[in-house]
file start_5.csv (CSV, C-alpha atoms)
chain,number,residue,atom,x,y,z
A,1,MET,CA,0.0,0.0,0.0
A,2,ALA,CA,2.8,2.4,0.9
A,3,ILE,CA,4.6,1.7,-2.4
A,4,GLN,CA,1.4,2.4,-4.3
A,5,LYS,CA,0.8,5.8,-2.5
A,6,LYS,CA,4.4,6.8,-3.3
A,7,ALA,CA,3.9,5.9,-7.0
A,8,LYS,CA,0.7,7.9,-7.1
A,9,LYS,CA,2.4,11.0,-5.6
A,10,THR,CA,5.3,10.8,-8.0
A,11,ALA,CA,2.8,10.5,-10.9
A,12,GLU,CA,0.9,13.5,-9.7
A,13,ARG,CA,4.1,15.6,-9.4
A,14,LYS,CA,5.0,14.7,-13.0
A,15,ASP,CA,1.6,15.8,-14.2
A,16,GLN,CA,1.8,19.2,-12.4
A,17,PRO,CA,3.6,22.0,-14.4
A,18,SER,CA,7.0,23.0,-13.2
A,19,LEU,CA,7.2,26.3,-11.4
A,20,LYS,CA,10.9,26.7,-11.9
A,21,LYS,CA,12.0,29.1,-14.7
A,22,PRO,CA,14.2,27.5,-17.4
A,23,ARG,CA,17.8,28.4,-16.9
A,24,ARG,CA,19.2,30.6,-19.7
A,25,LYS,CA,22.7,30.3,-21.1
A,26,ALA,CA,25.4,32.8,-19.9
A,27,ARG,CA,25.6,34.3,-23.4
A,28,VAL,CA,21.9,34.9,-23.5
A,29,GLU,CA,22.0,36.5,-20.1
A,30,ARG,CA,24.7,38.9,-21.2
A,31,ILE,CA,22.8,39.9,-24.3
A,32,LEU,CA,19.6,40.5,-22.3
A,33,LYS,CA,21.5,42.5,-19.7
A,34,LYS,CA,22.9,44.8,-22.4
A,35,LYS,CA,19.4,45.5,-23.6
A,36,GLU,CA,18.1,46.5,-20.2
A,37,PRO,CA,17.3,50.2,-19.7
A,38,LEU,CA,20.1,52.3,-18.3
A,39,LEU,CA,20.1,55.3,-16.0
A,40,VAL,CA,22.4,57.1,-18.5
A,41,GLU,CA,21.7,55.7,-22.0
A,42,ASN,CA,24.5,54.9,-24.5
A,43,THR,CA,25.0,56.8,-27.7
A,44,LYS,CA,22.2,56.3,-30.2
A,45,LYS,CA,23.1,54.3,-33.2
A,46,SER,CA,21.7,54.8,-36.7
A,47,LEU,CA,20.6,52.1,-39.1
A,48,PHE,CA,20.6,52.7,-42.8
A,49,ILE,CA,18.1,50.6,-44.8
A,50,ARG,CA,17.6,50.4,-48.6
A,51,GLY,CA,14.1,49.7,-50.0
A,52,HIS,CA,13.1,47.3,-52.7
A,53,ARG,CA,13.9,49.9,-55.4
A,54,THR,CA,16.4,52.8,-55.0
A,55,SER,CA,18.1,55.3,-57.2
A,56,GLN,CA,21.7,56.3,-57.4
A,57,ILE,CA,20.8,59.6,-55.7
A,58,THR,CA,19.3,57.9,-52.7
A,59,ASN,CA,22.1,55.4,-52.5
A,60,ASP,CA,24.7,58.2,-52.4
A,61,THR,CA,22.6,60.0,-49.8
A,62,LEU,CA,22.5,57.0,-47.5
A,63,LYS,CA,26.3,56.5,-47.9
A,64,ASP,CA,27.0,60.2,-47.1
A,65,LEU,CA,24.7,60.3,-44.1
A,66,ALA,CA,26.3,57.1,-42.7
A,67,MET,CA,29.7,58.9,-43.0
A,68,LEU,CA,28.4,61.8,-41.0
A,69,CYS,CA,27.2,59.4,-38.3
A,70,LYS,CA,30.3,57.3,-38.0
A,71,PRO,CA,31.3,55.4,-35.9
A,72,HIS,CA,27.7,55.0,-34.6
A,73,SER,CA,26.1,53.9,-37.9
A,74,LYS,CA,25.3,50.5,-39.5
A,75,ALA,CA,24.3,50.0,-43.1
A,76,LEU,CA,22.4,47.0,-44.4
A,77,GLN,CA,23.5,45.7,-47.7
A,78,ARG,CA,20.4,43.8,-48.8
A,79,LYS,CA,17.3,45.4,-50.1
A,80,ASN,CA,14.1,45.2,-48.1
A,81,GLU,CA,10.5,45.3,-49.2
A,82,ILE,CA,9.3,47.7,-46.5
A,83,LEU,CA,6.7,50.5,-46.5
A,84,PRO,CA,7.3,52.3,-43.2
A,85,PHE,CA,4.2,54.6,-43.4
A,86,GLU,CA,2.0,51.5,-44.1
A,87,ASP,CA,3.6,49.0,-41.7
A,88,CYS,CA,6.4,49.9,-39.3
A,89,LYS,CA,6.8,46.4,-37.8
A,90,SER,CA,9.7,45.5,-40.0
A,91,ILE,CA,11.5,48.7,-39.1
A,92,GLU,CA,11.0,48.0,-35.4
A,93,PHE,CA,12.3,44.4,-35.9
A,94,LEU,CA,15.5,45.4,-37.8
A,95,SER,CA,16.2,48.3,-35.3
A,96,GLU,CA,15.9,46.0,-32.3
A,97,LYS,CA,17.9,43.3,-33.9
A,98,ASN,CA,20.8,45.7,-34.7
A,99,ASP,CA,20.4,47.7,-31.5
A,100,CYS,CA,19.7,51.0,-33.2
A,101,SER,CA,17.2,53.6,-32.2
A,102,LEU,CA,17.6,55.8,-35.3
A,103,PHE,CA,17.0,54.8,-38.9
A,104,ALA,CA,17.2,56.2,-42.4
A,105,PHE,CA,15.2,54.5,-45.2
A,106,ALA,CA,15.8,55.2,-48.9
A,107,SER,CA,13.4,54.2,-51.8
A,108,HIS,CA,12.5,55.3,-55.3
A,109,THR,CA,9.2,55.0,-57.0
A,110,LYS,CA,7.3,56.8,-59.7
A,111,LYS,CA,4.9,58.4,-57.2
A,112,ARG,CA,7.7,59.4,-54.8
A,113,PRO,CA,11.1,59.6,-56.6
A,114,HIS,CA,14.3,59.9,-54.6
A,115,ASN,CA,12.6,59.3,-51.3
A,116,LEU,CA,14.3,59.5,-47.9
A,117,ILE,CA,12.7,58.7,-44.5
A,118,LEU,CA,14.4,59.7,-41.2
A,119,GLY,CA,12.9,58.4,-37.9
A,120,ARG,CA,13.6,57.1,-34.4
A,121,LEU,CA,12.2,54.6,-31.9
A,122,PHE,CA,11.4,54.8,-28.2
A,123,ASP,CA,11.1,51.7,-26.1
A,124,GLY,CA,11.2,49.4,-29.1
A,125,GLU,CA,8.3,51.2,-30.9
A,126,LEU,CA,8.2,53.9,-33.6
A,127,LEU,CA,8.2,57.4,-32.1
A,128,ASP,CA,8.2,59.6,-35.1
A,129,MET,CA,9.4,59.8,-38.7
A,130,VAL,CA,9.6,62.3,-41.6
A,131,GLU,CA,9.6,61.7,-45.3
A,132,PHE,CA,11.7,63.9,-47.5
A,133,GLY,CA,12.2,64.2,-51.3
A,134,VAL,CA,15.9,64.5,-52.2
A,135,GLU,CA,16.4,67.0,-55.0
A,136,VAL,CA,20.1,67.9,-55.0
A,137,ILE,CA,23.1,66.0,-53.8
A,138,ASN,CA,26.8,66.5,-53.9
A,139,SER,CA,28.8,63.6,-52.5
A,140,ILE,CA,31.6,64.0,-49.9
A,141,GLU,CA,33.9,61.6,-51.8
A,142,ASN,CA,33.7,63.7,-55.0
A,143,SER,CA,34.7,66.8,-53.1
A,144,SER,CA,38.3,67.9,-52.7
A,145,ASN,CA,37.6,69.7,-49.5
A,146,LYS,CA,38.4,68.5,-46.0
A,147,SER,CA,36.0,65.8,-44.6
A,148,LYS,CA,35.0,65.2,-41.0
A,149,GLY,CA,36.9,63.1,-38.6
A,150,VAL,CA,35.5,59.8,-37.2
A,151,GLY,CA,33.7,60.5,-33.9
A,152,SER,CA,34.0,64.3,-34.1
A,153,LYS,CA,31.0,66.5,-33.0
A,154,PRO,CA,29.2,69.0,-35.3
A,155,SER,CA,28.1,72.5,-34.6
A,156,PHE,CA,24.4,73.1,-35.6
A,157,VAL,CA,23.0,76.2,-37.2
A,158,PHE,CA,19.2,76.4,-37.9
A,159,LEU,CA,18.1,79.4,-40.0
A,160,GLY,CA,14.5,80.4,-40.6
A,161,ASP,CA,11.4,81.3,-38.7
A,162,GLN,CA,9.6,78.1,-39.3
A,163,TRP,CA,11.8,76.2,-36.9
A,164,GLU,CA,10.2,78.1,-34.0
A,165,ASN,CA,6.8,79.1,-35.4
A,166,GLU,CA,5.5,75.7,-36.6
A,167,SER,CA,5.3,72.8,-34.3
A,168,SER,CA,6.0,70.2,-37.0
A,169,PHE,CA,9.3,71.9,-38.0
A,170,SER,CA,10.4,72.2,-34.4
A,171,ARG,CA,9.9,68.4,-34.1
A,172,ILE,CA,12.0,68.0,-37.3
A,173,GLN,CA,14.7,70.2,-35.8
A,174,ASN,CA,14.8,67.9,-32.8
A,175,LEU,CA,15.0,64.9,-35.0
A,176,LEU,CA,17.9,66.3,-37.1
A,177,THR,CA,19.8,67.2,-33.9
A,178,ASP,CA,19.2,63.8,-32.4
A,179,PHE,CA,20.3,62.1,-35.7
A,180,PHE,CA,23.7,63.9,-36.1
A,181,ARG,CA,24.8,65.0,-32.6
A,182,GLY,CA,26.9,61.8,-31.8
A,183,ASP,CA,28.2,61.3,-28.2
A,184,LYS,CA,27.2,63.3,-25.2
A,185,VAL,CA,30.3,64.8,-23.6
A,186,ASP,CA,31.0,67.2,-20.7
A,187,LYS,CA,34.2,68.6,-22.2
A,188,LEU,CA,35.2,69.1,-25.8
A,189,SER,CA,38.4,69.9,-27.5
A,190,LEU,CA,38.5,72.7,-30.0
A,191,GLN,CA,40.1,70.4,-32.6
A,192,ALA,CA,37.1,68.0,-32.4
A,193,LEU,CA,34.8,70.7,-33.8
A,194,ASP,CA,35.8,70.1,-37.4
A,195,HIS,CA,32.5,70.6,-39.2
A,196,VAL,CA,29.3,72.7,-39.1
A,197,LEU,CA,25.8,71.6,-40.2
A,198,VAL,CA,23.6,74.4,-41.5
A,199,PHE,CA,19.9,73.8,-41.9
A,200,THR,CA,17.9,76.5,-43.6
A,201,VAL,CA,14.1,76.3,-44.0
A,202,SER,CA,12.2,78.3,-46.5
A,203,ALA,CA,8.7,77.6,-47.8
A,204,GLY,CA,8.7,74.0,-46.7
A,205,MET,CA,12.1,73.2,-48.2
A,206,ILE,CA,15.1,72.4,-46.0
A,207,TYR,CA,18.5,73.2,-47.3
A,208,MET,CA,21.2,71.1,-45.6
A,209,ARG,CA,24.7,72.6,-46.1
A,210,PRO,CA,27.7,71.1,-44.3
A,211,PHE,CA,30.9,73.1,-43.9
A,212,ALA,CA,34.4,72.1,-42.8
A,213,VAL,CA,36.1,74.1,-40.1
A,214,ASP,CA,39.7,75.2,-40.7
A,215,PHE,CA,41.7,76.7,-37.8
A,216,LYS,CA,44.5,79.0,-38.9
A,217,LYS,CA,47.1,80.9,-36.9
A,218,SER,CA,46.2,84.3,-35.7
A,219,GLY,CA,49.1,85.3,-33.5
A,220,SER,CA,47.1,84.7,-30.3
A,221,ARG,CA,45.6,81.8,-28.4
A,222,ILE,CA,42.4,82.1,-30.3
A,223,PRO,CA,42.8,80.9,-33.9
A,224,ASP,CA,41.1,82.3,-36.9
A,225,VAL,CA,38.2,80.1,-38.2
A,226,GLU,CA,37.4,79.6,-41.8
A,227,LEU,CA,34.5,77.7,-43.2
A,228,ALA,CA,34.6,75.8,-46.5
A,229,PRO,CA,31.9,73.7,-48.2
A,230,MET,CA,32.5,70.1,-47.2
A,231,GLY,CA,30.7,68.5,-50.1
A,232,LYS,CA,27.4,66.9,-49.3
A,233,GLN,CA,24.6,69.4,-50.1
A,234,LEU,CA,20.9,68.3,-49.9
A,235,ASN,CA,17.7,70.0,-50.7
A,236,LEU,CA,15.0,68.2,-48.7
A,237,HIS,CA,11.3,68.7,-49.5
A,238,VAL,CA,9.0,67.6,-46.6
A,239,ARG,CA,6.4,65.1,-48.0
A,240,ARG,CA,4.8,63.2,-45.1
A,241,THR,CA,5.2,63.3,-41.3
A,242,GLN,CA,4.2,60.9,-38.6
A,243,LEU,CA,4.8,62.6,-35.3
A,244,ALA,CA,4.4,61.2,-31.8
A,245,LYS,CA,1.3,62.0,-29.8
A,246,GLU,CA,1.7,64.4,-26.9
A,247,ASP,CA,1.4,61.8,-24.1
A,248,VAL,CA,4.0,59.6,-25.8
A,249,TRP,CA,6.3,62.6,-26.5
A,250,LYS,CA,6.2,63.6,-22.8
A,251,LEU,CA,6.9,60.0,-21.7
A,252,ALA,CA,9.9,60.0,-24.1
A,253,LEU,CA,11.3,63.2,-22.7
A,254,LYS,CA,10.8,62.2,-19.1
A,255,ALA,CA,14.0,61.7,-17.2
A,256,PRO,CA,14.3,59.6,-14.0
A,257,LYS,CA,14.7,61.5,-10.7
A,258,SER,CA,17.9,59.8,-9.9
A,259,ALA,CA,19.5,61.0,-13.2
A,260,THR,CA,19.1,64.7,-12.1
A,261,PRO,CA,20.5,65.2,-8.6
A,262,LYS,CA,18.5,67.4,-6.4
A,263,ILE,CA,20.3,70.8,-5.6
A,264,LYS,CA,19.5,71.8,-2.0
A,265,ASN,CA,19.7,75.2,-0.4
A,266,LYS,CA,20.1,77.1,-3.8
A,267,THR,CA,17.5,79.4,-5.3
A,268,LYS,CA,17.5,81.8,-8.2
A,269,THR,CA,16.0,85.3,-8.3
A,270,GLU,CA,14.0,86.8,-11.1
A,271,VAL,CA,17.2,88.6,-12.3
A,272,GLY,CA,19.1,85.2,-12.5
A,273,GLU,CA,21.3,85.6,-9.4
A,274,THR,CA,22.0,82.5,-7.4
A,275,LEU,CA,21.3,82.6,-3.6
A,276,GLY,CA,22.6,80.1,-1.2
A,277,ARG,CA,21.5,79.1,2.3
A,278,ILE,CA,24.0,78.1,4.9
A,279,HIS,CA,23.1,76.2,8.0
A,280,LEU,CA,25.2,76.8,11.1
A,281,LYS,CA,25.2,75.3,14.6
A,282,LYS,CA,23.9,77.3,17.6
A,283,GLN,CA,26.6,79.7,18.7
A,284,ASN,CA,27.5,80.3,22.4
A,285,LEU,CA,28.4,84.0,22.6
A,286,ASP,CA,29.8,83.7,26.2
A,287,LYS,CA,32.6,81.3,25.0
A,288,MET,CA,33.2,83.1,21.8
A,289,ASP,CA,36.7,84.8,21.5
A,290,THR,CA,36.2,88.4,20.7
A,291,ARG,CA,38.6,91.3,20.3
A,292,ARG,CA,40.0,92.5,23.7
A,293,VAL,CA,40.0,96.3,24.1
A,294,SER,CA,42.2,97.8,26.9
A,295,ALA,CA,39.5,100.3,27.8
A,296,LEU,CA,37.1,97.5,28.8
A,297,ARG,CA,39.5,95.7,31.0
A,298,THR,CA,38.9,95.8,34.8
A,299,THR,CA,42.1,96.7,36.6
A,300,GLY,CA,43.1,95.7,40.1
A,301,ARG,CA,42.5,99.2,41.5
A,302,SER,CA,38.9,99.3,40.3
A,303,ASN,CA,38.3,95.9,41.8
A,304,SER,CA,39.7,97.0,45.3
A,305,GLU,CA,37.4,100.0,45.3
call {"tool": "encode", "arguments": {"input": "start_5.csv", "output": "structure tokens"}}
result
Amino acid sequence: MAIQKKAKKTAERKDQPSLKKPRRKARVERILKKKEPLLVENTKKSLFIRGHRTSQITNDTLKDLAMLCKPHSKALQRKNEILPFEDCKSIEFLSEKNDCSLFAFASHTKKRPHNLILGRLFDGELLDMVEFGVEVINSIENSSNKSKGVGSKPSFVFLGDQWENESSFSRIQNLLTDFFRGDKVDKLSLQALDHVLVFTVSAGMIYMRPFAVDFKKSGSRIPDVELAPMGKQLNLHVRRTQLAKEDVWKLALKAPKSATPKIKNKTKTEVGETLGRIHLKKQNLDKMDTRRVSALRTTGRSNSE
């Protein structure tokens, strides 16, 4: 009887589902740990994708944009049958697979010739994207001027009232800055600022003009700065936009409280002056050493009287 009861219990245990989680391999654990959210995120990487059909202009555009984003860029060699504005699941899959949160997609059709889409993702899902029509291009490789160094940071210049007056163009400005800014640094060497990106907006057209920075001797510590066209010049016509909703946009901009340390006992006035508050211990004036004045001393004669 006892043997039969033990056999029944073991059979019941086998039928019950196991509550223990399957143990993952160490390599899988390391990969998943790298994908976990960080307090200070790493530099955003850009993924460059070619559509099913592209033109020579769009291919050269992707190549030049990848050069501007180096070393934080990755280009896919195969063509992909993707329509981002109809279905963005493929873009999200490729971006997550290659660990990239920014993407550039090039295509060419009769309806939308020389098409370029720039976009970004948040939490593995599409945040926003903008479709441009590329009209003019001048390649960096065909230019004899100085090119940017790998990992250098650009200076941005945005010209035009539409950047501030229209909400859609302010989002596009934020997207362009996010796409080309590179690493976040606290200090920067003057030699690392070797190129300037100028974006001018006029009547819905964005003119992208990069310039190389050349430092020349001036006889003082501050060098003379000269700008020369660096080569790649694009005229971008805004075709379609898919911007993030306000609640998603606020969530994407939200920073954790631990990332911004709380500054105590400091306030700013309306003029902009900083005021500080100092906390001191309770002072005992009887034991405090003060200046001794001879007129206040009590002599022996006055004490005897």
call {"tool": "closest_residue", "arguments": {"input": "start_5.csv", "among": "A:Asp99, A:Lys282, A:Ile172, A:Val213", "to": "Lys34 of chain A", "atoms": "all atoms listed in the file"}}
result
A:Asp99
call {"tool": "atom_distance", "arguments": {"input": "start_5.csv", "atom1": "atom CA of Leu127 of chain A", "atom2": "atom CA of Leu38 of chain A"}}
result
18.9 Å
call {"tool": "closest_residue", "arguments": {"input": "start_5.csv", "among": "A:Val134, A:Val198, A:Cys88, A:Leu68", "to": "Pro113 of chain A", "atoms": "only C-alpha atoms"}}
result
A:Val134
call {"tool": "closest_residue", "arguments": {"input": "start_5.csv", "among": "A:Ala228, A:Ile82, A:Leu193, A:Ala203", "to": "Asp161 of chain A", "atoms": "all atoms listed in the file"}}
result
A:Ala203
call {"tool": "atom_distance", "arguments": {"input": "start_5.csv", "atom1": "atom CA of Ile57 of chain A", "atom2": "atom CA of Glu81 of chain A"}}
result
18.8 Å
call {"tool": "atom_distance", "arguments": {"input": "start_5.csv", "atom1": "atom CA of Asn235 of chain A", "atom2": "atom CA of Phe48 of chain A"}}
result
19.2 Å
call {"tool": "closest_residue", "arguments": {"input": "start_5.csv", "among": "A:Gln56, A:Ser95, A:Gln162, A:Gln191", "to": "Val136 of chain A", "atoms": "only C-alpha atoms"}}
result
A:Gln56
call {"tool": "residues_around", "arguments": {"input": "start_5.csv", "residues": "segment 205-207 of chain A", "least_positions_apart": "2", "cutoff": "8 Å", "atoms": "all atoms listed in the file", "output": "list in words"}}
result
Val198, Phe199, Thr200, Val201, Ser202, Ala203, Arg209, Gln233, Leu234, Asn235, Leu236, His237 and Val238 of chain A
call {"tool": "residues_around", "arguments": {"input": "start_5.csv", "residues": "Val130 of chain A", "least_positions_apart": "5", "cutoff": "10 Å", "atoms": "all atoms listed in the file", "output": "ChimeraX atom specification"}}
result
/A:85,104,116-120,168,171-172,175,238-243
call {"tool": "residues_around", "arguments": {"input": "start_5.csv", "residues": "Met67 of chain A", "least_positions_apart": "5", "cutoff": "10 Å", "atoms": "only C-alpha atoms", "output": "PyMOL selection string"}}
result
chain A and resi 61-62+72-73+140+147-150
call {"tool": "write_last_selection", "arguments": {"input": "start_5.csv", "atoms": "C-alpha atoms", "output": "PDB file, keeping the file's coordinate frame"}}
result
ATOM      1  CA  THR A  61      22.600  60.000 -49.800  1.00  0.00           C
ATOM      2  CA  LEU A  62      22.500  57.000 -47.500  1.00  0.00           C
ATOM      3  CA  HIS A  72      27.700  55.000 -34.600  1.00  0.00           C
ATOM      4  CA  SER A  73      26.100  53.900 -37.900  1.00  0.00           C
ATOM      5  CA  ILE A 140      31.600  64.000 -49.900  1.00  0.00           C
ATOM      6  CA  SER A 147      36.000  65.800 -44.600  1.00  0.00           C
ATOM      7  CA  LYS A 148      35.000  65.200 -41.000  1.00  0.00           C
ATOM      8  CA  GLY A 149      36.900  63.100 -38.600  1.00  0.00           C
ATOM      9  CA  VAL A 150      35.500  59.800 -37.200  1.00  0.00           C
TER      10      VAL A 150
END
call {"tool": "closest_residue", "arguments": {"input": "start_5.csv", "among": "A:Arg30, A:Lys153, A:Lys257, A:Lys262", "to": "Asp183 of chain A", "atoms": "all atoms listed in the file"}}
result
A:Lys153
call {"tool": "closest_residue", "arguments": {"input": "start_5.csv", "among": "A:Leu251, A:Leu94, A:Leu190, A:Ala26", "to": "Val225 of chain A", "atoms": "only C-alpha atoms"}}
result
A:Leu190
call {"tool": "residues_around", "arguments": {"input": "start_5.csv", "residues": "Phe211 of chain A", "least_positions_apart": "6", "cutoff": "8 Å", "atoms": "all atoms listed in the file", "output": "list in words"}}
result
His195, Val196, Leu197, Val198, Leu227, Ala228, Pro229, Met230 and Gly231 of chain A
call {"tool": "residues_around", "arguments": {"input": "start_5.csv", "residues": "Val248 of chain A", "least_positions_apart": "3", "cutoff": "12 Å", "atoms": "all atoms listed in the file", "output": "list in words"}}
result
Leu121, Phe122, Asp123, Glu125, Leu126, Leu127, Asp128, Leu243, Ala244, Lys245, Leu251, Ala252, Leu253 and Lys254 of chain A
